[in-house]
Amino acid sequence: MFCRQVKGTPAGLAYSRVLKYETGHYPNARLHALPTLCMHCAVAPCLRACPTGATRREEDGTVQIDAATCIGCRACMQACPYEARQFLWALKNHWPDEAVTPFEEHSRKKFDLGTVSKCDFCQTRRAAGREPACVEACPTEARTFGDLDDPTSEVARLAARDDASQLQADLGTDPSIWYRFLPRG
Amino acid sequence: MFWIVLCLAVLAVLVGARALWLQFSAGLSSTGLSDRFSWGVYIQGFLTLGSLAGGVLFLAGLSGLLLGKALLAPVAGAVALGCLAGGGMMIASDLGKPFRSMLLALGKNTDSTMTWDFYTFALCGLLALAAVIYALCNALPGAVWSVLALIISGAFLLMHVLLLLARQKSPVNQPFLALELFLRALWGSSALLTLIALYAGINFGLSSLLFALSLCVTLTHLVSQFAKQRPENAPAFFWVNKAVMADIAIALALLIGLYAGVPFLTGLAAVAVLLALAWEKMCLVRAFQTESVLPAPYSQWQPAAPYKPSSLELQVCLGGLGLAVLVGMIALRLI
């Protein structure tokens, strides 16, 4: 919710989806939640796929989209193995039967219809020295943000643990998002 | 007959242009596409018409080198020009920002298959145009054109394969995919040239080639199906699927048409080949996107991506096809 509030994403667009899945069998079945967002991969397939260079890597290592040069070919969406990118098919209201709220009216200016959009790791918040919205808002502090290249950082320490792993690490994309306690095998 | 087909093509272009205008106004939300199934009939149409354009140029280049004279070049140029015009309309319709499409040339991301697809598409267009201009000057292009046609059209067809393999863990992982797609492009283009020859009463001598390609395609398809990992509890002859049976039927029809001298049967088989090419692209694009790319168990509750093209999409496709026929026929008439 906080992500939606900060980014002002229109209805149907979610930068941080939470997938639910089940492991085990009755009576030992367990329901899990897997928050997914753009993995800001070190070897990003979307960077290779983008023909216009609209997808680029920033100096801080994150992968960003320049909406002004995106032609909406969706090659990056096809290349992304995490389904992290979304296309702006339409700018939908959150309350379809009611008028557009002033907040929605203001937020819409940030979105370019017919282009691809995704999580930018809250670029503007980070520039102001704040953590991404999802990290700040998580009530159980399940999310940790930091510099993976700094071995003394909390996030690097957590990523070095035996129970930490990357999603689809076998693809060689080296995602920057690390999970703890992902099911093995 | 010429004028009837021309009028129908103009009508189709008008329907397509109207639908395209409506789509530009409403955006791509007027299509049946979604985030999970983001490439639909436009890409299928582009791949089909692109295969035909690449295939005819490849055949013209090959015949030019083998015979010493690019006799097929004028017809191939006209056909390719039409197919590229129709394919261009379809790919432009698929873009979220079609008026920014020139950024494809300026982006210069040489790692991107899409960039090379655009470059080879444009070069194929120039080659086709050159062949038509040569024909208007009552001349035939030389060996340089033939070599360029072989290289550029071959690269164009290759890009289509790479486009389908660009996805990580692509479900389109059948063995001999590149060979099969390449052979099918040549198969479809020789069928199209055979149809034109039958209509115009010219003998390009392509019926035997069409039959030979038909055998090659059937054999490659059969081997590729056989080499696929066999699912558990599958019936013994599961790999002899409907597509292979259709390929065999087409080959038989061509054989009878060729040796019994029944042009109608050859024409019918050629139409079937063109339909098979379009069907193959549809199957590929669907197989490419239906399943989630996220592995189990994370994707266990993600249903297969639904896709049903909207009537607007189908109208634009009709327009693209009409444009291909219109441009092709005008170019053929001119030469």
# chains A, B, ... in the order shown; residues from 1 in each chain; ligands from 1
>>> closest_atom_pairs(of="chain B", to="chain A", cutoff="8 Å", atoms="only C-alpha atoms", output="tab-separated table")
residue	atom	partner	partner_atom	distance
B:Gly27	CA	A:Trp89	CA	6.8
B:Leu28	CA	A:Trp89	CA	5.6
B:Ser29	CA	A:Trp89	CA	4.8
B:Ser34	CA	A:Trp89	CA	7.9
B:Asp35	CA	A:Gln86	CA	5.8
B:Arg36	CA	A:Glu83	CA	7.8
B:Ser38	CA	A:Arg74	CA	7.0
B:Trp39	CA	A:Arg74	CA	7.9
B:Asp94	CA	A:Cys73	CA	7.0
B:Leu95	CA	A:Cys73	CA	5.0
B:Gly96	CA	A:Gly114	CA	4.0
B:Lys97	CA	A:Ile71	CA	4.7
B:Pro98	CA	A:Ile71	CA	6.7
B:Arg100	CA	A:Ile71	CA	5.8
B:Ser101	CA	A:Ile71	CA	6.4
B:Leu103	CA	A:Thr52	CA	5.7
B:Leu104	CA	A:Thr52	CA	5.3
B:Ala105	CA	A:Thr52	CA	7.8
B:Leu106	CA	A:Thr52	CA	6.9
B:Gly107	CA	A:Thr52	CA	3.8
B:Lys108	CA	A:Thr52	CA	6.8
B:Asn109	CA	A:Pro51	CA	5.5
B:Thr110	CA	A:Pro51	CA	7.8
B:Asp111	CA	A:Arg48	CA	5.2
B:Ser112	CA	A:Ala49	CA	4.6
B:Thr113	CA	A:Ala49	CA	6.7
B:Met114	CA	A:Pro51	CA	5.7
B:Thr115	CA	A:Pro51	CA	5.0
B:Ala166	CA	A:Ala79	CA	6.0
B:Arg167	CA	A:Ala79	CA	4.4
B:Gln168	CA	A:Pro81	CA	5.7
B:Lys169	CA	A:Pro81	CA	7.7
B:Val293	CA	A:Pro81	CA	5.7
B:Leu294	CA	A:Tyr82	CA	6.1
B:Pro295	CA	A:Gln168	CA	7.7
B:Pro297	CA	A:Tyr21	CA	6.1
B:Tyr298	CA	A:Tyr21	CA	5.5
B:Ser299	CA	A:Tyr21	CA	7.4
B:Gln300	CA	A:Tyr21	CA	6.5
B:Trp301	CA	A:Tyr21	CA	7.0
>>> write_last_selection(atoms="C-alpha atoms", output="mmCIF file, in the first residue's frame")
data_model
loop_
_atom_site.group_PDB
_atom_site.id
_atom_site.type_symbol
_atom_site.label_atom_id
_atom_site.label_comp_id
_atom_site.auth_asym_id
_atom_site.auth_seq_id
_atom_site.Cartn_x
_atom_site.Cartn_y
_atom_site.Cartn_z
ATOM 1 C CA GLY B 27 -4.265 2.747 -26.668
ATOM 2 C CA LEU B 28 -3.293 -0.916 -26.549
ATOM 3 C CA SER B 29 -5.893 -1.563 -23.855
ATOM 4 C CA SER B 34 -1.938 -8.379 -21.097
ATOM 5 C CA ASP B 35 1.275 -8.258 -19.063
ATOM 6 C CA ARG B 36 1.523 -12.049 -19.120
ATOM 7 C CA SER B 38 2.097 -9.224 -24.293
ATOM 8 C CA TRP B 39 2.843 -10.318 -27.864
ATOM 9 C CA ASP B 94 2.087 -3.464 -31.737
ATOM 10 C CA LEU B 95 4.185 -0.615 -30.346
ATOM 11 C CA GLY B 96 2.928 1.359 -27.367
ATOM 12 C CA LYS B 97 4.535 4.471 -28.864
ATOM 13 C CA PRO B 98 4.536 3.891 -32.648
ATOM 14 C CA ARG B 100 8.832 6.891 -31.582
ATOM 15 C CA SER B 101 9.730 3.870 -33.733
ATOM 16 C CA LEU B 103 14.378 5.375 -31.923
ATOM 17 C CA LEU B 104 14.952 1.743 -32.932
ATOM 18 C CA ALA B 105 17.561 3.007 -35.390
ATOM 19 C CA LEU B 106 18.999 5.597 -33.010
ATOM 20 C CA GLY B 107 19.117 3.350 -29.923
ATOM 21 C CA LYS B 108 22.183 1.492 -31.216
ATOM 22 C CA ASN B 109 21.862 -1.279 -28.656
ATOM 23 C CA THR B 110 23.637 -3.929 -30.694
ATOM 24 C CA ASP B 111 23.014 -6.500 -27.952
ATOM 25 C CA SER B 112 19.297 -6.348 -28.690
ATOM 26 C CA THR B 113 17.781 -8.824 -31.152
ATOM 27 C CA MET B 114 15.040 -6.274 -31.819
ATOM 28 C CA THR B 115 17.642 -3.742 -33.044
ATOM 29 C CA ALA B 166 15.350 -14.228 -26.142
ATOM 30 C CA ARG B 167 13.234 -15.250 -23.201
ATOM 31 C CA GLN B 168 15.076 -16.793 -20.280
ATOM 32 C CA LYS B 169 14.103 -20.453 -19.913
ATOM 33 C CA VAL B 293 8.339 -17.911 -16.373
ATOM 34 C CA LEU B 294 8.464 -18.154 -12.590
ATOM 35 C CA PRO B 295 9.237 -21.696 -11.493
ATOM 36 C CA PRO B 297 6.108 -23.613 -6.496
ATOM 37 C CA TYR B 298 5.910 -19.800 -6.836
ATOM 38 C CA SER B 299 3.794 -19.983 -9.983
ATOM 39 C CA GLN B 300 1.515 -22.774 -8.741
ATOM 40 C CA TRP B 301 -1.492 -20.483 -8.450
#
>>> select_by_dssp(residues="range 148-324 of chain B", states="alpha helix (DSSP H)", output="JSON, numbers by chain")
{"B": [148, 149, 150, 151, 152, 153, 154, 155, 156, 157, 158, 159, 160, 161, 162, 163, 164, 165, 177, 178, 179, 180, 181, 182, 183, 184, 185, 186, 187, 188, 189, 190, 191, 192, 193, 194, 195, 196, 197, 198, 199, 200, 207, 208, 209, 210, 211, 212, 213, 214, 215, 216, 217, 218, 219, 220, 221, 222, 223, 224, 225, 226, 227, 242, 243, 244, 245, 246, 247, 248, 249, 250, 251, 252, 253, 254, 255, 256, 257, 258, 259, 263, 264, 265, 266, 267, 268, 269, 270, 271, 272, 273, 274, 275, 276, 277, 278, 279, 280, 281, 282, 283, 284, 285, 286, 287, 288, 289, 311, 312, 313, 314, 315, 316, 317, 318, 319, 320, 321, 322, 323, 324]}
>>> atom_distance(atom1="CA of Val132 in chain B", atom2="CA of Val144 in chain B")
15.5 Å
>>> residues_around(residues="Val63 in chain A", least_positions_apart="5", cutoff="9 Å", atoms="only C-alpha atoms", output="ChimeraX atom specification")
/A:38-42,44,46-47,55-58,120
>>> write_last_selection(atoms="N, CA and C atoms", output="PDB file, in the first residue's frame")
ATOM      1  N   CYS A  38      11.262  -5.672  -9.018  1.00  0.00           N
ATOM      2  CA  CYS A  38      12.363  -5.734  -9.976  1.00  0.00           C
ATOM      3  C   CYS A  38      13.607  -6.156  -9.215  1.00  0.00           C
ATOM      4  N   MET A  39      14.313  -7.152  -9.752  1.00  0.00           N
ATOM      5  CA  MET A  39      15.470  -7.723  -9.055  1.00  0.00           C
ATOM      6  C   MET A  39      16.738  -6.903  -9.271  1.00  0.00           C
ATOM      7  N   HIS A  40      16.697  -5.899 -10.162  1.00  0.00           N
ATOM      8  CA  HIS A  40      17.870  -5.071 -10.470  1.00  0.00           C
ATOM      9  C   HIS A  40      19.099  -5.974 -10.665  1.00  0.00           C
ATOM     10  N   CYS A  41      18.943  -6.932 -11.590  1.00  0.00           N
ATOM     11  CA  CYS A  41      19.957  -7.970 -11.810  1.00  0.00           C
ATOM     12  C   CYS A  41      21.298  -7.364 -12.227  1.00  0.00           C
ATOM     13  N   ALA A  42      22.378  -8.006 -11.795  1.00  0.00           N
ATOM     14  CA  ALA A  42      23.711  -7.572 -12.221  1.00  0.00           C
ATOM     15  C   ALA A  42      23.904  -7.897 -13.709  1.00  0.00           C
ATOM     16  N   ALA A  44      21.440  -8.139 -16.316  1.00  0.00           N
ATOM     17  CA  ALA A  44      20.004  -7.946 -16.563  1.00  0.00           C
ATOM     18  C   ALA A  44      19.620  -8.286 -18.001  1.00  0.00           C
ATOM     19  N   CYS A  46      16.883  -7.663 -19.449  1.00  0.00           N
ATOM     20  CA  CYS A  46      16.098  -6.559 -20.020  1.00  0.00           C
ATOM     21  C   CYS A  46      17.005  -5.508 -20.667  1.00  0.00           C
ATOM     22  N   LEU A  47      18.210  -5.345 -20.100  1.00  0.00           N
ATOM     23  CA  LEU A  47      19.165  -4.373 -20.668  1.00  0.00           C
ATOM     24  C   LEU A  47      19.574  -4.782 -22.072  1.00  0.00           C
ATOM     25  N   THR A  55      16.077   1.238 -21.267  1.00  0.00           N
ATOM     26  CA  THR A  55      16.449   0.563 -20.016  1.00  0.00           C
ATOM     27  C   THR A  55      17.947   0.731 -19.851  1.00  0.00           C
ATOM     28  N   ARG A  56      18.350   1.301 -18.737  1.00  0.00           N
ATOM     29  CA  ARG A  56      19.791   1.539 -18.547  1.00  0.00           C
ATOM     30  C   ARG A  56      20.178   1.289 -17.096  1.00  0.00           C
ATOM     31  N   ARG A  57      21.487   1.099 -16.889  1.00  0.00           N
ATOM     32  CA  ARG A  57      21.961   0.895 -15.525  1.00  0.00           C
ATOM     33  C   ARG A  57      22.491   2.209 -14.974  1.00  0.00           C
ATOM     34  N   GLU A  58      22.056   2.520 -13.780  1.00  0.00           N
ATOM     35  CA  GLU A  58      22.520   3.754 -13.132  1.00  0.00           C
ATOM     36  C   GLU A  58      23.854   3.492 -12.414  1.00  0.00           C
ATOM     37  N   ASP A 120      11.610   1.115  -9.213  1.00  0.00           N
ATOM     38  CA  ASP A 120      12.914   1.776  -9.412  1.00  0.00           C
ATOM     39  C   ASP A 120      13.698   1.857  -8.097  1.00  0.00           C
TER      40      ASP A 120
END
>>> closest_residue(among="B:Leu195, B:Ile330, B:Ala26, B:Ala73", to="Phe264 in chain B", atoms="only C-alpha atoms")
B:Leu195
>>> select_by_dssp(residues="chain A", states="strand (DSSP E or B)", output="PyMOL selection string")
chain A and resi 11+17-23+30-36+55-57+63-65+86-87+92+116-117+164-165+179-180
>>> residues_around(residues="range 97-109 of chain A", least_positions_apart="2", cutoff="10 Å", atoms="only C-alpha atoms", output="list in words")
Gln5, Val6, Lys7, Gly8, Thr9, Pro10, Ala11, Leu91, Lys92, Asn93, His94, Trp95, Phe111, Asp112 and Leu113 of chain A
>>> write_last_selection(atoms="N, CA and C atoms", output="short mmCIF file (atom, residue, chain, number, x, y, z; two decimals), in the first residue's frame")
data_model
loop_
_atom_site.label_atom_id
_atom_site.label_comp_id
_atom_site.auth_asym_id
_atom_site.auth_seq_id
_atom_site.Cartn_x
_atom_site.Cartn_y
_atom_site.Cartn_z
N GLN A 5 1.10 4.32 -2.55
CA GLN A 5 0.88 5.70 -2.10
C GLN A 5 2.06 6.59 -2.53
N VAL A 6 3.27 6.06 -2.36
CA VAL A 6 4.46 6.86 -2.68
C VAL A 6 4.60 7.06 -4.19
N LYS A 7 4.40 5.97 -4.94
CA LYS A 7 4.60 6.05 -6.40
C LYS A 7 3.34 6.55 -7.12
N GLY A 8 2.20 6.43 -6.47
CA GLY A 8 0.95 6.88 -7.11
C GLY A 8 0.57 6.03 -8.30
N THR A 9 0.87 4.73 -8.23
CA THR A 9 0.59 3.85 -9.37
C THR A 9 -0.90 3.72 -9.64
N PRO A 10 -1.30 3.76 -10.89
CA PRO A 10 -2.73 3.59 -11.21
C PRO A 10 -3.18 2.16 -10.93
N ALA A 11 -4.48 1.95 -10.91
CA ALA A 11 -5.02 0.61 -10.65
C ALA A 11 -4.50 -0.38 -11.70
N LEU A 91 -4.54 4.04 -18.02
CA LEU A 91 -4.40 4.67 -16.71
C LEU A 91 -5.76 4.55 -16.01
N LYS A 92 -5.92 3.46 -15.25
CA LYS A 92 -7.23 3.18 -14.65
C LYS A 92 -7.37 3.84 -13.29
N ASN A 93 -8.62 4.21 -12.98
CA ASN A 93 -8.91 4.77 -11.65
C ASN A 93 -8.97 3.64 -10.63
N HIS A 94 -8.69 3.97 -9.38
CA HIS A 94 -8.86 2.97 -8.33
C HIS A 94 -10.32 2.77 -8.00
N TRP A 95 -11.12 3.79 -8.22
CA TRP A 95 -12.56 3.68 -7.99
C TRP A 95 -13.24 3.98 -9.32
N PHE A 111 3.17 9.00 -15.22
CA PHE A 111 3.09 7.77 -16.02
C PHE A 111 2.80 8.09 -17.48
N ASP A 112 3.54 7.43 -18.35
CA ASP A 112 3.39 7.64 -19.78
C ASP A 112 2.69 6.43 -20.39
N LEU A 113 1.46 6.61 -20.82
CA LEU A 113 0.68 5.52 -21.40
C LEU A 113 1.43 4.89 -22.59
#
>>> atom_distance(atom1="CA of Ala17 in chain B", atom2="CA of His160 in chain B")
26.0 Å
>>> atom_distance(atom1="CA of Leu314 in chain B", atom2="CA of Leu274 in chain B")
18.1 Å
>>> residues_around(residues="range 131-141 of chain A", least_positions_apart="2", cutoff="10 Å", atoms="only C-alpha atoms", output="PyMOL selection string")
chain A and resi 1-7+15-16+120-129+143-146
>>> write_last_selection(atoms="C-alpha atoms", output="mmCIF file, in the first residue's frame")
data_model
loop_
_atom_site.group_PDB
_atom_site.id
_atom_site.type_symbol
_atom_site.label_atom_id
_atom_site.label_comp_id
_atom_site.auth_asym_id
_atom_site.auth_seq_id
_atom_site.Cartn_x
_atom_site.Cartn_y
_atom_site.Cartn_z
ATOM 1 C CA MET A 1 0.000 0.000 0.000
ATOM 2 C CA PHE A 2 2.787 2.408 0.936
ATOM 3 C CA CYS A 3 4.496 1.676 -2.411
ATOM 4 C CA ARG A 4 1.246 2.543 -4.186
ATOM 5 C CA GLN A 5 0.884 5.698 -2.103
ATOM 6 C CA VAL A 6 4.460 6.856 -2.684
ATOM 7 C CA LYS A 7 4.596 6.055 -6.395
ATOM 8 C CA TYR A 15 5.607 -2.668 -8.458
ATOM 9 C CA SER A 16 5.801 -5.123 -5.578
ATOM 10 C CA ASP A 120 12.914 1.776 -9.412
ATOM 11 C CA PHE A 121 13.945 1.000 -5.829
ATOM 12 C CA CYS A 122 12.445 4.388 -4.884
ATOM 13 C CA GLN A 123 15.119 6.413 -6.656
ATOM 14 C CA THR A 124 13.908 9.795 -5.377
ATOM 15 C CA ARG A 125 13.540 8.596 -1.776
ATOM 16 C CA ARG A 126 17.040 7.118 -1.837
ATOM 17 C CA ALA A 127 18.415 10.378 -3.232
ATOM 18 C CA ALA A 128 16.891 12.081 -0.188
ATOM 19 C CA GLY A 129 18.659 9.574 2.099
ATOM 20 C CA ARG A 143 12.723 -6.351 4.260
ATOM 21 C CA THR A 144 16.256 -5.008 4.599
ATOM 22 C CA PHE A 145 17.850 -2.549 2.200
ATOM 23 C CA GLY A 146 21.507 -1.649 1.784
#
>>> closest_residue(among="B:Ala305, B:Val161, B:Val15, B:Leu323", to="Gly32 in chain B", atoms="only C-alpha atoms")
B:Ala305
